[in-house]
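Q: This is the structure I want to talk about, given as structure tokens.
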Amino acid sequence: MKRTTLSLIACATALAAVTGFAAVSAPGDSGPDTAAPAARLPVERTSLLCPAPSTSDLAETAYTSFTPVTKGADEKGSAALVAAEPAGATDDGKDGKDEEDGKDEKPVVQPKAPGTPVGGKTTGADAPALIGTAEGKSAPGWTVQQTTEVAAGTGRGLQGVNCTAPDTEFWFPGASTATGRTDYVHLTNPDDSAAVVDIELYGKDGALKSTVGEGVTVPPHGSESLLLSTLSDVKQTDLTVHVGVRSGRLGAAVQALDDKTGGDWLTAAADPASDLVMPGIPKDATAVRLVLFTPGGTDADLKVRLASPSGLITPAGHETVHVKAGMTTGVDLGEVTRGEAGSLVLTPTDRSVPVVAAVRVVRGKGDEQESAFIPASEPVGARATAADNRAKHTTLALSAPDGAAKVRVTASAGTEGGTPATKTYTLKAGTTQNVDAPVPAGLKGSYALTVETVSGGPVHASRTLTGSDDDVASFTVQTLPDDRGTVSVPNADEDLSVLQK
């Protein structure tokens, strides 16, 4: 055999090894498309970031970690949450504290295997932000809920937040620098290098002038919290906070505390879009305020509707809302739910203009008022999970704004015992239902609810958790977007014919 022939065979073999089993079609190939559809495979790594829960000495914080069982996930893997370095920590990472001060460095919560929730608790004002990583079997759909109860003072009541994945851009419509409000933006950096971020505030007349929010540095594995009123001295009832990361990535959330109506976490709204859903406004809401912002250079006109148990209805006097470009708009909707389950649905009246939105909800009256936020949310998609559910204190809202749908809801075992339970629900188009969610038999502790779309149109969901005292209106609401526990991976086949062309 000639050396030239041997070289060609070696070349073909090497190319086959590099391309693996990839199938490549030459340009102009008119043959039938035989490529198999992409498969969805479990993710192998998940990162979650939890903000520092409170600065109140009266704070009691509970953490609940849960990973749903995912078919096809790796048989090995684990998850861990570690404390982030607070602002002003010394180089040795001890925040100026001596090793002998007796502080327990054991993680407040140690995640368990998929299908088993685990809880942990901490008290006081010193609880740090947490940085979490899950790998292998613990990664797909990993969810951590942080729930804080503050007995008195600014922000008193129930404050809940789902720990979120790091990202590079966040929108928070619904923040405020008004008298009586104390709002902080919390930033957590999970990586080994510093992150640099710009924080912009937009009020009713446009951007608020400030240089303090430019080029904020968050150290590696560190956390920062910035009081919004230090970024601008302008008092604004409704603000939109934009967090844009120049370098690196972050977790971000706004803690909104009110002197009269308690407080809660405002999580990032869904990406700017022309069609938005804010699911699961509590049926006993005494006040609902819609806050909107359009980041582009074009005004937006939106139709406002409420997806109720009987279908889509238009709130009297609030048929449409006009949003000026680059300006934050606030609209009081009052007791819009009128004692029924409801989700706010926004659609363009004419042309599509991307918008971000959230609602601030108040329950109770007088001195017993409490507030929470529901940002516009992505659909449940394949699967979403809410951790830290408690017997008789959990309400699950499911909404199908566009078309009928069927969903399956699974309650996990409890953190201290119980047997999982599952129910399936059918939703009519344009409706929202507060469903009688399953509860684990023999429940002990708290549990997780996992929602899966079985068929039909997109489903939006949220979970309302109320406080342990039934006479007080304390509550918190978390939306349930897709947990992104799987990713699309194209199928591939071996095709060496490309080497002949």
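Every chain in the structure tokens has a letter given in the order shown (A, B, ...), and although residue numbers restart at 1 in each chain, ligands are simply numbered from 1 in the order shown.
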Find the residues near stretch 49-51 of chain A: any atom within 6 Å, counting only C-alpha atoms, skip ones fewer than 2 places away on the same chain, and give them as an MDAnalysis selection string.
A: chainID A and resid 53 129:131 163:164 251
Q: Quick one: everything within 7 Å of A:Met278, counting only C-alpha atoms, minus sequence neighbours fewer than 5 positions away in the same chain. Send it as a list in words.
A: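 Counting only C-alpha atoms, the residues come to Ser343, Leu344, Val345, Ala358, Ile374, Pro375, Ala376 and Ser377 of chain A.
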Q: Leaving out A:Ser193 and any residue of its chain fewer than 6 positions from it, which residues lie within 9 Å of it when counting only C-alpha atoms, given as JSON, numbers by chain?
A: {"A": [219, 220, 221, 248]}
Q: Could you save the residues just selected, with all heavy atoms, as a PDB file, in the first residue's frame?
A:
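What landed in result05.pdb:
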```pdb
ATOM      1  N   PRO A 219     -16.869  41.616  45.565  1.00  0.00           N
ATOM      2  CA  PRO A 219     -15.667  40.771  45.610  1.00  0.00           C
ATOM      3  C   PRO A 219     -15.976  39.307  45.361  1.00  0.00           C
ATOM      4  O   PRO A 219     -17.135  38.877  45.457  1.00  0.00           O
ATOM      5  CB  PRO A 219     -15.153  40.987  47.038  1.00  0.00           C
ATOM      6  CG  PRO A 219     -16.349  41.414  47.817  1.00  0.00           C
ATOM      7  CD  PRO A 219     -17.201  42.205  46.875  1.00  0.00           C
ATOM      8  N   PRO A 220     -14.968  38.513  45.030  1.00  0.00           N
ATOM      9  CA  PRO A 220     -15.172  37.079  44.801  1.00  0.00           C
ATOM     10  C   PRO A 220     -15.826  36.408  46.001  1.00  0.00           C
ATOM     11  O   PRO A 220     -15.450  36.670  47.151  1.00  0.00           O
ATOM     12  CB  PRO A 220     -13.747  36.558  44.574  1.00  0.00           C
ATOM     13  CG  PRO A 220     -12.953  37.746  44.156  1.00  0.00           C
ATOM     14  CD  PRO A 220     -13.565  38.916  44.863  1.00  0.00           C
ATOM     15  N   HIS A 221     -16.832  35.579  45.733  1.00  0.00           N
ATOM     16  CA  HIS A 221     -17.551  34.848  46.785  1.00  0.00           C
ATOM     17  C   HIS A 221     -18.084  35.805  47.858  1.00  0.00           C
ATOM     18  O   HIS A 221     -18.193  35.435  49.029  1.00  0.00           O
ATOM     19  CB  HIS A 221     -16.640  33.797  47.442  1.00  0.00           C
ATOM     20  CG  HIS A 221     -16.022  32.864  46.454  1.00  0.00           C
ATOM     21  ND1 HIS A 221     -16.747  31.936  45.754  1.00  0.00           N
ATOM     22  CD2 HIS A 221     -14.732  32.743  46.027  1.00  0.00           C
ATOM     23  CE1 HIS A 221     -15.936  31.269  44.943  1.00  0.00           C
ATOM     24  NE2 HIS A 221     -14.710  31.740  45.081  1.00  0.00           N
ATOM     25  N   GLY A 248     -18.347  39.511  34.928  1.00  0.00           N
ATOM     26  CA  GLY A 248     -18.736  38.489  35.879  1.00  0.00           C
ATOM     27  C   GLY A 248     -20.231  38.199  35.809  1.00  0.00           C
ATOM     28  O   GLY A 248     -20.896  38.454  34.806  1.00  0.00           O
TER      29      GLY A 248
END
```
Q: Calculate how many Å separate atom CA of A:Thr133 from atom CA of A:Arg383, rounding to one decimal.
A: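 Spanning atom CA of A:Thr133 to atom CA of A:Arg383 is a straight-line distance of 19.9 Å.
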Q: Env of A:Asn434: 8 Å cut, atoms = only C-alpha atoms, seq-sep filter 5 positions within chain, self excluded. Answer as a compact mmCIF listing (two decimals) with C-alpha atoms, in the first residue's frame.
A:
```txt
# COMPACT_ATOMS: atom_id res chain seq x y z
CA GLY A 280 -51.71 34.15 41.82
CA ALA A 341 -58.39 33.82 42.67
CA THR A 395 -52.10 28.25 48.57
CA LEU A 396 -51.13 27.12 45.06
CA ALA A 397 -52.46 29.23 42.18
CA LEU A 398 -52.46 27.87 38.62
```
Q: I want to know what sits within 6 Å of stretch 473-484 of chain A, based on only C-alpha atoms, with residues of the same chain fewer than 4 positions away left out; could you give that as a JSON list (two decimals) with C-alpha atoms, in the first residue's frame?
A:
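Heads up, here's the output in around.json:
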```json
[["chain", "number", "residue", "atom", "x", "y", "z"],
["A", 141, "GLY", "CA", -34.43, 21.40, 39.43],
["A", 157, "GLY", "CA", -44.07, 39.97, 58.82],
["A", 158, "LEU", "CA", -43.12, 37.15, 56.46],
["A", 159, "GLN", "CA", -40.36, 37.63, 53.87],
["A", 160, "GLY", "CA", -39.76, 34.82, 51.37],
["A", 363, "ARG", "CA", -53.46, 41.98, 52.67],
["A", 364, "GLY", "CA", -55.18, 42.95, 55.90],
["A", 370, "GLU", "CA", -48.73, 43.11, 55.17],
["A", 372, "ALA", "CA", -45.67, 41.17, 49.07],
["A", 378, "GLU", "CA", -42.22, 32.86, 32.85],
["A", 379, "PRO", "CA", -44.48, 29.78, 32.50],
["A", 380, "VAL", "CA", -44.01, 26.61, 34.53],
["A", 381, "GLY", "CA", -42.82, 24.91, 31.36],
["A", 383, "ARG", "CA", -41.51, 21.58, 35.66],
["A", 384, "ALA", "CA", -41.25, 24.03, 38.56],
["A", 461, "ALA", "CA", -48.14, 29.48, 38.79],
["A", 462, "SER", "CA", -47.34, 30.94, 42.19],
["A", 463, "ARG", "CA", -47.39, 29.79, 45.79],
["A", 464, "THR", "CA", -48.65, 31.95, 48.66],
["A", 465, "LEU", "CA", -47.36, 31.09, 52.12],
["A", 466, "THR", "CA", -49.05, 32.64, 55.17],
["A", 467, "GLY", "CA", -47.68, 33.08, 58.67]]
```
Q: Point out the residue among A:Ser308, A:Ser232, A:Thr211, A:Thr46 with the least atom-to-atom distance to A:Val336, counting only C-alpha atoms.
A: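 When distances to A:Val336 are compared using only C-alpha atoms, the smallest one comes from A:Ser308.
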Q: Using only C-alpha atoms, which of the listed residues (A:Ala307, A:Leu228, A:Leu346, A:Ala253) sits closest to A:Asp275?
A: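 Of all the options, A:Leu346 lies closest to A:Asp275.
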Q: Using only C-alpha atoms, find the one residue out of A:Phe172, A:Ser399, A:Lys392, A:Glu224 that sits nearest to A:Asp470.
A: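 When distances to A:Asp470 are compared using only C-alpha atoms, the smallest one comes from A:Lys392.
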Q: A:Trp171: which residues within 7 Å, counting only C-alpha atoms, same-chain residues fewer than 2 positions away excluded, as a PDB file with N, CA, C and O atoms, in the first residue's frame?
A:
```
ATOM      1  N   PRO A 173     -39.127  46.232  38.711  1.00  0.00           N
ATOM      2  CA  PRO A 173     -40.175  47.250  38.844  1.00  0.00           C
ATOM      3  C   PRO A 173     -40.938  47.033  40.151  1.00  0.00           C
ATOM      4  O   PRO A 173     -41.278  45.904  40.498  1.00  0.00           O
ATOM      5  N   THR A 240     -38.144  51.616  39.110  1.00  0.00           N
ATOM      6  CA  THR A 240     -37.639  50.404  38.470  1.00  0.00           C
ATOM      7  C   THR A 240     -36.130  50.390  38.635  1.00  0.00           C
ATOM      8  O   THR A 240     -35.450  51.359  38.294  1.00  0.00           O
ATOM      9  N   VAL A 241     -35.620  49.324  39.209  1.00  0.00           N
ATOM     10  CA  VAL A 241     -34.176  49.169  39.403  1.00  0.00           C
ATOM     11  C   VAL A 241     -33.632  48.253  38.315  1.00  0.00           C
ATOM     12  O   VAL A 241     -34.153  47.151  38.106  1.00  0.00           O
ATOM     13  N   HIS A 242     -32.602  48.719  37.631  1.00  0.00           N
ATOM     14  CA  HIS A 242     -31.939  47.896  36.609  1.00  0.00           C
ATOM     15  C   HIS A 242     -30.525  47.587  37.081  1.00  0.00           C
ATOM     16  O   HIS A 242     -29.746  48.488  37.405  1.00  0.00           O
ATOM     17  N   VAL A 243     -30.215  46.314  37.166  1.00  0.00           N
ATOM     18  CA  VAL A 243     -28.882  45.858  37.541  1.00  0.00           C
ATOM     19  C   VAL A 243     -28.239  45.245  36.297  1.00  0.00           C
ATOM     20  O   VAL A 243     -28.700  44.219  35.788  1.00  0.00           O
ATOM     21  N   ALA A 268     -36.446  39.473  40.568  1.00  0.00           N
ATOM     22  CA  ALA A 268     -36.380  40.029  39.223  1.00  0.00           C
ATOM     23  C   ALA A 268     -37.588  39.615  38.391  1.00  0.00           C
ATOM     24  O   ALA A 268     -38.041  38.467  38.446  1.00  0.00           O
ATOM     25  N   ALA A 269     -38.111  40.566  37.633  1.00  0.00           N
ATOM     26  CA  ALA A 269     -39.217  40.279  36.726  1.00  0.00           C
ATOM     27  C   ALA A 269     -38.702  39.498  35.526  1.00  0.00           C
ATOM     28  O   ALA A 269     -37.506  39.476  35.227  1.00  0.00           O
TER      29      ALA A 269
END
```
Q: Using the chain letters and numbers from this document, which residues of stretch 43-75 of chain A does DSSP assign to strand (DSSP E), as a PyMOL selection string?
A: chain A and resi 45-50+59-66
Q: Quick one: pull the distance between atom CA of A:Gly430 and atom CA of A:Thr294, Å, one decimal.
A: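 Atom-to-atom, atom CA of A:Gly430 and atom CA of A:Thr294 are spaced 25.1 Å apart.
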Q: Tell me which of A:Gly485, A:Gly311, A:Pro354, A:Gly244 sits closest to A:Pro42, counting only C-alpha atoms.
A: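 The shortest atom-to-atom distance to A:Pro42 comes from A:Gly485.
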Q: So that I can see what lies close to A:Pro140, please list as a ChimeraX atom specification the residues with an atom at most 10 Å from it, counting only C-alpha atoms and leaving out residues fewer than 4 positions away in the same chain.
A: /A:41-46,67-71,73-74,114,134-136,483-487
Q: Smallest atom-to-atom distance to A:Gln433: which of A:Ser446, A:Ser468, A:Thr415, A:Ser310, using only C-alpha atoms?
A: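 The answer is A:Ser310, which sits nearest to A:Gln433.
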Q: Find, counting only C-alpha atoms, the residue in A:Ser54, A:Thr286, A:Thr328, A:Ser455 that gets nearest to A:Val254.
A: A:Ser54
